[in-house]
Each structure stands twice: as structure tokens, then as C-alpha cells.
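Reviewing the structure listed below.
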Amino acid sequence: MPKKLPDSLVFTMTDRVVLRGMTKADLERVRTWGNDSEVATFIDRVRPISEVEHEKWFEKMVQDPNVYLFAIDEKENRQHIGNVWLCNLDSRHRRAEIRVMIGDRNYWGKGFGREAVSAAVHFGFEKLNLHKIYAYVLSNNPRSKGMFEACGFIVEGNLKEEYFADGSYIDGCRLGIIRKE
Ligand SMILES: CC(C)(COP(=O)(O)OP(=O)(O)OC[C@H]1O[C@@H](n2cnc3c(N)ncnc32)[C@H](O)[C@@H]1OP(=O)(O)O)[C@@H](O)C(=O)NCCC(=O)NCCS
């Protein structure tokens, strides 16, 4: 697999989004998103994220050779609206997990998630030579499931009472997409 590219370098572009390396300058914005109660529910986060914890998370991500962390910029105004990342890269099985967050709620439901995920999947298949990319989604998040399905992911399995959220156990599912050779 290729070495990681420098921060803030543009990796790929679609009609409406740019994926670039996340930098320290983006940190506080991303922390604010993670501390938004609605976003937090969907990313399975219960405690507020402190500055110190957030910086440690970022350092760990950038140093981990099995993580590619992208900032998603809305292309027209080059405004940072979220993040998408490939993690748990497994070079033997050629698979990785994908996670995504459109942090700015004004951009929800407008196709930005679909474009960013499709671009990251393309990067994973074409640049990292992956065979499969998968995602975990909670049952309280039909938008995310619909978005992954719109990108070509299919449900590989339902996860019964996998998550404890808001005082009860809820289901989840794993979705995956396989590279078409
Ligand atoms: C989940 C998230 C990334 C989706 O991105 P988005 O930009 O809001 O979603 P999109 O507008 O790209 O949705 C794309 C597709 O999902 C489908 N979709 C959207 N909302 C849906 C809903 N409520 N139910 C079912 N499907 C839905 C649509 O069919 C759409 O497909 P189309 O473009 O072919 O019509 C974004 O809402 C987000 O970051 N939410 C908070 C954090 C989060 O949930 N992260 C994911 C954790 S697994």
C-alpha cells in the first residue's frame, strides 16, 4: 500500500466535494460536531469530547498506517463540512472499515454524504487496492443506512441488540461493498 500523503493535500474531487487530509486547524470544528447531541447519538458517542482527548484521537489517527482520515470540503466554497475515514485497513484480506460524519447539519440530506463516501470508496479500491469496504450502522440511523445503500453497499448482516443507546439495547447492521474487478 502507498505511504500516506501529506496533510491538507487534495486526494480526490467529485462534482460537489473535495477530500483532503485533515489538519490540526480542523480539530476544534470537528470536536464541536462530535459534541453536537444529535451527531453524537449517530456516531455512538455518549460522553462529551474534551480538547485533550480529541487531540490524542487525532494524533493516533494520523500515525496509524491503517487509517486514512479525510476532511470533506464542500467544493464551491471550500468549506469543511465533515470527515470520512478508512480505518482498520487489513492488507492481507484487502479490506477496510469506513466511517463518515457530515458534521454541519445544514448539509444533511443533500447528497454530500453519498458523494464523499463514494469518493472514499473509489480511493480505497483504486489507490489502496482494497477488495472490500464495510460499515457499521445503528438502527436509529436510517439516513446513514440509506446513504450507504445509495453508494452500492449491501447489508451483510443484522446485529441483534448490538448497541446500548438511550437506556435500551438497539440493533445495528454491517454493510459492505466489494470491488468489481
Ligand atoms: C449519515 C450521513 C453521513 C448521510 O449523509 P447525507 O449527506 O446526510 O445523506 P445523503 O443526502 O447523501 O443521502 C444519500 C441517500 O441516502 C438516502 N437517505 C437519506 N435520508 C434517508 C432516510 N432518512 N432514510 C432512508 N434513506 C435515506 C437517500 O435515498 C439518498 O439517496 P439518493 O441520493 O440516491 O436519493 C450524514 O447525515 C451524517 O453525517 N449524519 C450524522 C453522523 C452519522 O450518522 N454518521 C454515520 C454513522 S454510521
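Labels used: A, B, ... for chains in the order of the C-alpha cells, numbers from 1 for residues in each chain, and numbers from 1 for ligands as shown.
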List as number ranges by chain the protein and nucleic acid residues lying within 9 Å of ligand 1, with only C-alpha atoms and all ligand atoms counted. A: 34, 38-44, 82-84, 98-105, 107-117, 135-138, 141-151
Output for the residues just chosen: C-alpha atoms as a compact mmCIF listing (two decimals), in the first residue's frame:
```txt
# COMPACT_ATOMS: atom_id res chain seq x y z
CA GLY A 34 -18.77 15.39 17.80
CA GLU A 38 -27.72 14.58 17.51
CA VAL A 39 -24.46 13.75 15.74
CA ALA A 40 -23.14 12.08 18.91
CA THR A 41 -26.11 9.69 19.01
CA PHE A 42 -25.43 8.50 15.48
CA ILE A 43 -21.70 8.03 15.97
CA ASP A 44 -22.32 6.12 19.21
CA GLY A 82 -17.43 16.75 7.67
CA ASN A 83 -14.99 13.88 7.71
CA VAL A 84 -14.79 10.45 6.16
CA ILE A 98 -15.37 3.24 6.50
CA ARG A 99 -16.77 5.87 8.88
CA VAL A 100 -18.36 9.17 7.96
CA MET A 101 -19.74 12.28 9.59
CA ILE A 102 -21.26 15.30 7.87
CA GLY A 103 -20.84 17.46 10.94
CA ASP A 104 -22.60 20.57 9.72
CA ARG A 105 -26.30 19.65 9.89
CA TYR A 107 -25.63 19.81 4.75
CA TRP A 108 -27.58 16.70 5.77
CA GLY A 109 -29.84 15.04 3.22
CA LYS A 110 -28.38 16.89 0.24
CA GLY A 111 -26.24 14.14 -1.21
CA PHE A 112 -22.90 15.27 0.28
CA GLY A 113 -22.56 12.10 2.36
CA ARG A 114 -23.16 9.92 -0.68
CA GLU A 115 -20.60 11.79 -2.76
CA ALA A 116 -17.97 11.77 -0.02
CA VAL A 117 -18.42 8.06 0.74
CA ALA A 135 -19.50 -0.02 7.61
CA TYR A 136 -21.45 -0.43 10.84
CA VAL A 137 -24.73 1.47 11.24
CA LEU A 138 -27.11 1.74 14.21
CA ASN A 141 -29.91 5.94 11.75
CA PRO A 142 -31.95 5.13 8.60
CA ARG A 143 -30.36 8.08 6.79
CA SER A 144 -26.93 6.54 7.12
CA LYS A 145 -28.13 3.10 6.04
CA GLY A 146 -29.95 4.64 3.04
CA MET A 147 -26.87 6.64 2.15
CA PHE A 148 -24.59 3.58 2.20
CA GLU A 149 -27.13 1.63 0.12
CA ALA A 150 -27.26 4.51 -2.36
CA CYS A 151 -23.47 4.12 -2.67
```
Kindly provide the residues of range 81-131 of chain A that approach range 45-68 of chain A to within 9 Å, each paired with its closest atom pair and their distance in Å to one decimal, based on only C-alpha atoms, listed by chain and increasing number, as CSV.
```
residue,atom,partner,partner_atom,distance
A:Val84,CA,A:Tyr68,CA,8.6
A:Trp85,CA,A:Tyr68,CA,5.5
A:Leu86,CA,A:Tyr68,CA,5.1
A:Cys87,CA,A:Val67,CA,4.3
A:Asn88,CA,A:Asn66,CA,5.6
A:Leu89,CA,A:Asn66,CA,4.7
A:Asp90,CA,A:Asn66,CA,7.4
A:Ser91,CA,A:Asn66,CA,8.7
A:Ala96,CA,A:Asn66,CA,8.5
```
Gap from CA of Arg94 in chain A to CA of Cys173 in chain A - Å, one decimal: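 Interatomic distance, CA of Arg94 in chain A to CA of Cys173 in chain A: 21.0 Å.
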CA of Val17 in chain A to CA of Asn77 in chain A, straight-line distance in Å: 9.9 Å
Atomic distance CA of Lys75 in chain A - CA of Val30 in chain A, expressed in Å with one decimal: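 So the answer is 18.1 Å.
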Quick one: DSSP alpha helix (DSSP H) residues in chain A, as a VMD selection string? chain A and resid 27 to 34 37 to 42 51 to 63 112 to 126 142 to 150
Dump as a short mmCIF file (atom, residue, chain, number, x, y, z; two decimals), in the first residue's frame, selection limited to C-alpha atoms:
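Contents of the output file out.cif:
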```cif
data_model
loop_
_atom_site.label_atom_id
_atom_site.label_comp_id
_atom_site.auth_asym_id
_atom_site.auth_seq_id
_atom_site.Cartn_x
_atom_site.Cartn_y
_atom_site.Cartn_z
CA LEU A 27 -9.60 19.95 15.06
CA GLU A 28 -11.82 22.32 17.02
CA ARG A 29 -14.51 22.32 14.35
CA VAL A 30 -14.61 18.53 14.33
CA ARG A 31 -14.78 18.42 18.13
CA THR A 32 -17.77 20.77 18.08
CA TRP A 33 -19.53 18.43 15.65
CA GLY A 34 -18.77 15.39 17.80
CA SER A 37 -26.02 15.76 20.70
CA GLU A 38 -27.72 14.58 17.51
CA VAL A 39 -24.46 13.75 15.74
CA ALA A 40 -23.14 12.08 18.91
CA THR A 41 -26.11 9.69 19.01
CA PHE A 42 -25.43 8.50 15.48
CA GLU A 51 -9.83 19.04 23.86
CA VAL A 52 -7.10 16.75 25.18
CA GLU A 53 -8.94 13.56 24.24
CA HIS A 54 -9.66 14.94 20.80
CA GLU A 55 -6.03 15.84 20.13
CA LYS A 56 -4.93 12.38 21.23
CA TRP A 57 -7.51 10.83 18.89
CA PHE A 58 -6.16 12.92 16.00
CA GLU A 59 -2.51 12.05 16.71
CA LYS A 60 -3.39 8.37 16.89
CA MET A 61 -5.28 8.54 13.61
CA VAL A 62 -2.52 10.32 11.67
CA GLN A 63 0.17 8.00 12.99
CA PHE A 112 -22.90 15.27 0.28
CA GLY A 113 -22.56 12.10 2.36
CA ARG A 114 -23.16 9.92 -0.68
CA GLU A 115 -20.60 11.79 -2.76
CA ALA A 116 -17.97 11.77 -0.02
CA VAL A 117 -18.42 8.06 0.74
CA SER A 118 -18.37 7.16 -2.96
CA ALA A 119 -15.15 9.14 -3.39
CA ALA A 120 -13.52 7.47 -0.36
CA VAL A 121 -14.60 4.04 -1.61
CA HIS A 122 -13.13 4.81 -5.01
CA PHE A 123 -9.88 5.87 -3.32
CA GLY A 124 -9.85 2.65 -1.27
CA PHE A 125 -10.35 0.46 -4.31
CA GLU A 126 -8.21 2.31 -6.83
CA PRO A 142 -31.95 5.13 8.60
CA ARG A 143 -30.36 8.08 6.79
CA SER A 144 -26.93 6.54 7.12
CA LYS A 145 -28.13 3.10 6.04
CA GLY A 146 -29.95 4.64 3.04
CA MET A 147 -26.87 6.64 2.15
CA PHE A 148 -24.59 3.58 2.20
CA GLU A 149 -27.13 1.63 0.12
CA ALA A 150 -27.26 4.51 -2.36
#
```
Nearest to Val10 in chain A: which of A:Glu97, A:Asp73, A:Glu156, A:Asp166 is it, counting only C-alpha atoms?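 That would be A:Asp73, the residue with the smallest distance to Val10 in chain A.
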Backbone-only DSSP, strand (DSSP E) members of range 20-114 of chain A, as a list of chain:residue names: A:Arg20, A:Gly21, A:Tyr68, A:Leu69, A:Phe70, A:Ala71, A:Ile72, A:Asp73, A:Glu74, A:Gln79, A:His80, A:Ile81, A:Gly82, A:Asn83, A:Val84, A:Trp85, A:Leu86, A:Cys87, A:Asn88, A:Leu89, A:Asp90, A:Arg95, A:Ala96, A:Glu97, A:Ile98, A:Arg99, A:Val100, A:Met101, A:Ile102
Write out the residues from the selection above, keeping C-alpha atoms, as a PDB file, in the first residue's frame.
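And here's again-v1.pdb as it stands now:
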```pdb
ATOM      1  CA  ARG A  20      -8.276  16.357   1.609  1.00  0.00           C
ATOM      2  CA  GLY A  21      -6.127  15.380   4.561  1.00  0.00           C
ATOM      3  CA  TYR A  68      -6.795   7.365   6.044  1.00  0.00           C
ATOM      4  CA  LEU A  69      -8.551  10.368   7.530  1.00  0.00           C
ATOM      5  CA  PHE A  70     -10.116  12.794   5.051  1.00  0.00           C
ATOM      6  CA  ALA A  71     -11.707  16.168   5.624  1.00  0.00           C
ATOM      7  CA  ILE A  72     -14.738  16.709   3.380  1.00  0.00           C
ATOM      8  CA  ASP A  73     -14.858  20.202   1.879  1.00  0.00           C
ATOM      9  CA  GLU A  74     -17.891  21.486   0.031  1.00  0.00           C
ATOM     10  CA  GLN A  79     -15.961  24.900   3.385  1.00  0.00           C
ATOM     11  CA  HIS A  80     -15.166  21.992   5.706  1.00  0.00           C
ATOM     12  CA  ILE A  81     -18.467  20.143   6.302  1.00  0.00           C
ATOM     13  CA  GLY A  82     -17.433  16.747   7.665  1.00  0.00           C
ATOM     14  CA  ASN A  83     -14.989  13.875   7.712  1.00  0.00           C
ATOM     15  CA  VAL A  84     -14.791  10.450   6.162  1.00  0.00           C
ATOM     16  CA  TRP A  85     -12.158   7.896   7.005  1.00  0.00           C
ATOM     17  CA  LEU A  86     -10.964   4.436   6.134  1.00  0.00           C
ATOM     18  CA  CYS A  87      -9.728   2.548   9.177  1.00  0.00           C
ATOM     19  CA  ASN A  88      -8.810  -0.956  10.314  1.00  0.00           C
ATOM     20  CA  LEU A  89      -7.093  -1.478   6.986  1.00  0.00           C
ATOM     21  CA  ASP A  90      -6.184  -5.122   6.628  1.00  0.00           C
ATOM     22  CA  ARG A  95     -10.463  -4.764   3.382  1.00  0.00           C
ATOM     23  CA  ALA A  96     -11.138  -1.679   5.491  1.00  0.00           C
ATOM     24  CA  GLU A  97     -13.910  -0.126   7.525  1.00  0.00           C
ATOM     25  CA  ILE A  98     -15.373   3.238   6.505  1.00  0.00           C
ATOM     26  CA  ARG A  99     -16.770   5.869   8.881  1.00  0.00           C
ATOM     27  CA  VAL A 100     -18.360   9.171   7.960  1.00  0.00           C
ATOM     28  CA  MET A 101     -19.740  12.281   9.590  1.00  0.00           C
ATOM     29  CA  ILE A 102     -21.260  15.299   7.875  1.00  0.00           C
TER      30      ILE A 102
END
```
With distances taken over only C-alpha atoms, which residue among A:Phe11, A:Asp36, A:Asp26, A:Ile177 lies nearest His131 in chain A?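 Closest to His131 in chain A, using only C-alpha atoms: A:Ile177.
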